[in-house]
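The structure under discussion appears below in the form of structure tokens.
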Amino acid sequence: MGKIIAIANQKGGVGKTTTAINLAASLAVLEYKTLLVDADPQANSTSGLGINPKNVEAGIYECMMDGVAPAEAMVQNETLKFLSILPSHIDLVGAEVEMVSIERREERMRDVLGKLKNDFEFIIIDCSPSLGLITINALTAADSVIIPVQCEYFALEGLGKLLNTIKIIQTRLNPNLEIEGILLTLYDSRTSLGNQVVEEVRTHFGKMTFNTIIPRNVKLSESPSFGVPAIVHDAESKGAISYLNLAHEILNKNGLAK
């Protein structure tokens with residue numbers, strides 16, 4: 001039975017997609033069968049793994065709205081044999097409106113991923129930068145959530161709203177949802193602000209914060225333009241090593257290290 005982890009923060013530009021792609025790739029490199037679910041209409045996880053969203057005929061939207069079997073929509077990664085993706089495209093924008101009048105609208109993604117949970121050891125969901133129905137679907141489907149927080153000014157802005165949304169989902173839709181951890185991203189050790197944010201987040205959230213910190217890194221930024229994760233683009237880069245460390249930390253936390 002695989003573990004489903006959502007990567008969520010309604011604030012944009014905090015490294016959600018970078019985290020989703022590179023955590024999934026790191027788990028796959030460690031030979032854990034992993035599925036990346038692109039639940040963002042911008043489809044950056046899809047393109048970040050070398051798939052043109054315009055060429056996606058069936059993805060998470062068709063699985064949720066049209067009953068397409070998820071096994072038919074999945075794409076096996078060409079480079080990493082333990083990594084697959086359930087892609088996205090712009091039509092997912094419409095799902096927010098289409099689901100409003102549908103019964104069990106918050107549980108559509110749970111139904112889809114429930115069909116795959118036995119086939120993967122990890123399912124990583126890249127959420128959109130909002131707290132709309134798609135993100136609520138992802139949190140309802142997930143076993144846990146990773147919250148990326150950038151090491152910049154306004155880092156904690158909106159975090160209270162997200163934590164409140166998680167509490168509501170725990171109460172009404174998914175009592176088993178846990179916070180896997182808060183992940184500090186876009187860290188620049190040369191700035192006093194970066195170090196101040198790290199200290200502030202760790203003071204506020206203590207053990208909820210991952211030990212691993214994701215640095216600002218050129219290889220992390222440029223690897224999507226090559227359609228590959230950082231660990232494929234440059235395995236020795238600080239960014240790739242940081243996400244590999246994060247994968248190890250999650251495996252150890254869950255007692256799943258091989």
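We name chains A, B, ... following the order of the structure tokens; residues begin at 1 in each chain, and ligands are numbered from 1 as shown.
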(Q) List the spatial neighbours of stretch 82-97 of chain A as a PyMOL selection string - criterion: any atom at most 8 Å away, only C-alpha atoms, same-chain residues fewer than 6 positions off excluded. (A) chain A and resi 24-25+28-29+31-43+45-46+53-54+56+58-61+65+70+73-76+132-134
Q: From a DSSP calculation on the backbone, collect every residue of stretch 12-256 of chain A in helix (DSSP H, G or I) and output the set as a PyMOL selection string.
A: chain A and resi 16-29+44-48+53-55+60-65+70-73+92-98+105-114+133-141+159-172+192-208+218-226+230-233+238-253
Q. Residues of stretch 101-176 of chain A in strand (DSSP E) according to DSSP, as a list in words?
A.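 Put together, the selection reads Phe122, Ile123, Ile124, Ile125, Asp126, Cys127, Ser144, Val145, Ile146, Ile147, Pro148, Val149 and Gln150 of chain A.
Ranking A:Leu49, A:Ile5, A:Ile21, A:Leu159 by their shortest atom-to-atom distance to A:Ser225, with only C-alpha atoms included, puts A:Leu49 first.
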Q) So which one's closest to A:Arg108, A:Ile250, A:Ile146, A:Lys81, A:Met64? Using only C-alpha atoms, please. A)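 Nearest to A:Arg108: A:Met64.
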**Q.** Coordinates-based distance that separates atom CA of A:Ala20 from atom CA of A:Glu107 (Å, one decimal)
**A.** 21.3 Å
Q: Identify, on the basis of only C-alpha atoms, every residue whose closest approach to stretch 230-232 of chain A does not exceed 9 Å; exclude the query and any residue fewer than 5 positions from it along the same chain; express the result as a PyMOL selection string.
A: chain A and resi 21-22+25-26+29+79-80+219-224+237+239-241+243-244
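Distance annotation: of A:Leu173, A:Leu193, A:Ala235, A:Met109, the residue with the minimal separation from A:Cys151 is A:Leu193; atom set is only C-alpha atoms.
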Q | Residues near A:Ala8, cut-off 10 Å, only C-alpha atoms, skip fewer than 5 positions along chain, as an MDAnalysis selection string | A | chainID A and resid 14:17 20 125:131 135:136 138:139 145:149 162
Selection export as a compact mmCIF listing (two decimals), in the first residue's frame, atoms kept: N, CA, C and O atoms:
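Listing of again35.txt after writing:
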```txt
# COMPACT_ATOMS: atom_id res chain seq x y z
N VAL A 14 6.91 29.14 -4.22
CA VAL A 14 7.59 28.64 -3.02
C VAL A 14 8.35 27.33 -3.28
O VAL A 14 8.99 26.80 -2.37
N GLY A 15 8.25 26.82 -4.50
CA GLY A 15 8.99 25.60 -4.84
C GLY A 15 8.17 24.33 -4.77
O GLY A 15 8.72 23.23 -4.61
N LYS A 16 6.84 24.44 -4.95
CA LYS A 16 5.98 23.24 -4.90
C LYS A 16 6.33 22.26 -6.02
O LYS A 16 6.57 21.08 -5.78
N THR A 17 6.33 22.79 -7.26
CA THR A 17 6.57 21.91 -8.40
C THR A 17 8.00 21.38 -8.40
O THR A 17 8.23 20.20 -8.67
N ALA A 20 7.96 18.64 -5.89
CA ALA A 20 7.23 17.46 -6.36
C ALA A 20 8.07 16.65 -7.35
O ALA A 20 8.21 15.42 -7.21
N ILE A 125 1.72 14.30 -5.06
CA ILE A 125 0.77 15.18 -5.76
C ILE A 125 1.29 16.61 -5.76
O ILE A 125 1.53 17.20 -4.70
N ASP A 126 1.47 17.17 -6.95
CA ASP A 126 1.84 18.58 -7.09
C ASP A 126 0.56 19.40 -7.16
O ASP A 126 -0.19 19.33 -8.14
N CYS A 127 0.29 20.17 -6.10
CA CYS A 127 -0.96 20.95 -6.03
C CYS A 127 -0.79 22.31 -6.70
O CYS A 127 0.31 22.83 -6.83
N SER A 128 -1.92 22.90 -7.07
CA SER A 128 -1.90 24.24 -7.66
C SER A 128 -1.78 25.29 -6.55
O SER A 128 -2.09 25.00 -5.39
N PRO A 129 -1.32 26.51 -6.89
CA PRO A 129 -1.18 27.55 -5.88
C PRO A 129 -2.52 28.20 -5.53
O PRO A 129 -2.77 29.37 -5.83
N SER A 130 -3.40 27.42 -4.92
CA SER A 130 -4.71 27.92 -4.50
C SER A 130 -5.26 26.94 -3.47
O SER A 130 -4.71 25.86 -3.27
N LEU A 131 -6.35 27.35 -2.83
CA LEU A 131 -7.03 26.43 -1.92
C LEU A 131 -8.40 26.07 -2.50
O LEU A 131 -9.38 25.92 -1.78
N THR A 135 -7.13 21.41 -5.04
CA THR A 135 -6.24 21.24 -3.90
C THR A 135 -6.95 20.51 -2.76
O THR A 135 -6.36 19.65 -2.10
N ILE A 136 -8.22 20.83 -2.54
CA ILE A 136 -9.00 20.13 -1.51
C ILE A 136 -9.11 18.66 -1.86
O ILE A 136 -9.00 17.77 -1.00
N ALA A 138 -6.87 16.97 -3.53
CA ALA A 138 -5.55 16.38 -3.28
C ALA A 138 -5.35 16.10 -1.80
O ALA A 138 -4.85 15.03 -1.42
N LEU A 139 -5.74 17.05 -0.95
CA LEU A 139 -5.57 16.87 0.50
C LEU A 139 -6.52 15.79 1.04
O LEU A 139 -6.19 15.11 2.01
N VAL A 145 0.87 15.77 4.04
CA VAL A 145 1.13 16.94 3.21
C VAL A 145 2.48 17.54 3.59
O VAL A 145 2.82 17.64 4.76
N ILE A 146 3.25 17.90 2.56
CA ILE A 146 4.48 18.66 2.74
C ILE A 146 4.18 20.10 2.37
O ILE A 146 3.59 20.37 1.31
N ILE A 147 4.56 21.03 3.24
CA ILE A 147 4.31 22.46 3.00
C ILE A 147 5.64 23.15 2.73
O ILE A 147 6.44 23.35 3.64
N PRO A 148 5.92 23.52 1.47
CA PRO A 148 7.14 24.26 1.18
C PRO A 148 6.99 25.72 1.63
O PRO A 148 5.96 26.35 1.37
N VAL A 149 8.00 26.23 2.30
CA VAL A 149 8.01 27.62 2.75
C VAL A 149 9.32 28.25 2.30
O VAL A 149 10.40 27.75 2.65
N LEU A 162 -3.57 28.07 5.35
CA LEU A 162 -3.39 26.70 4.86
C LEU A 162 -3.54 25.69 5.99
O LEU A 162 -4.21 24.67 5.84
```
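Nearest residue to A:Lys238 among A:Val197, A:Asp188, A:Phe205, A:Leu163 is A:Asp188, counting only C-alpha atoms.
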Which polymer residues have any atom within 12 Å of an atom of A:His204, counting only C-alpha atoms, with same-chain residues fewer than 5 positions away left out, as a PDB file with C-alpha atoms, in the first residue's frame?
```pdb
ATOM      1  CA  LEU A 156       4.789  32.768   6.851  1.00  0.00           C
ATOM      2  CA  LEU A 159       0.545  29.659   6.243  1.00  0.00           C
ATOM      3  CA  GLY A 160      -2.084  30.024   8.969  1.00  0.00           C
ATOM      4  CA  ILE A 182       7.363  21.994   6.596  1.00  0.00           C
ATOM      5  CA  VAL A 197      13.450  32.855   8.381  1.00  0.00           C
ATOM      6  CA  VAL A 198      14.975  29.423   9.094  1.00  0.00           C
ATOM      7  CA  GLU A 199      15.257  30.310  12.777  1.00  0.00           C
ATOM      8  CA  THR A 209      10.156  21.327  10.135  1.00  0.00           C
TER       9      THR A 209
END
```
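A straight line drawn from atom CA of A:Leu116 to atom CA of A:Glu62 is 15.4 Å long.
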Q: Name the closest residue to A:Val201 among the candidates A:Ile213, A:Asn174, A:Arg110, A:Val218; distances are taken between atoms, counting only C-alpha atoms.
A: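 Checking each candidate against A:Val201, we get A:Ile213 as the closest.
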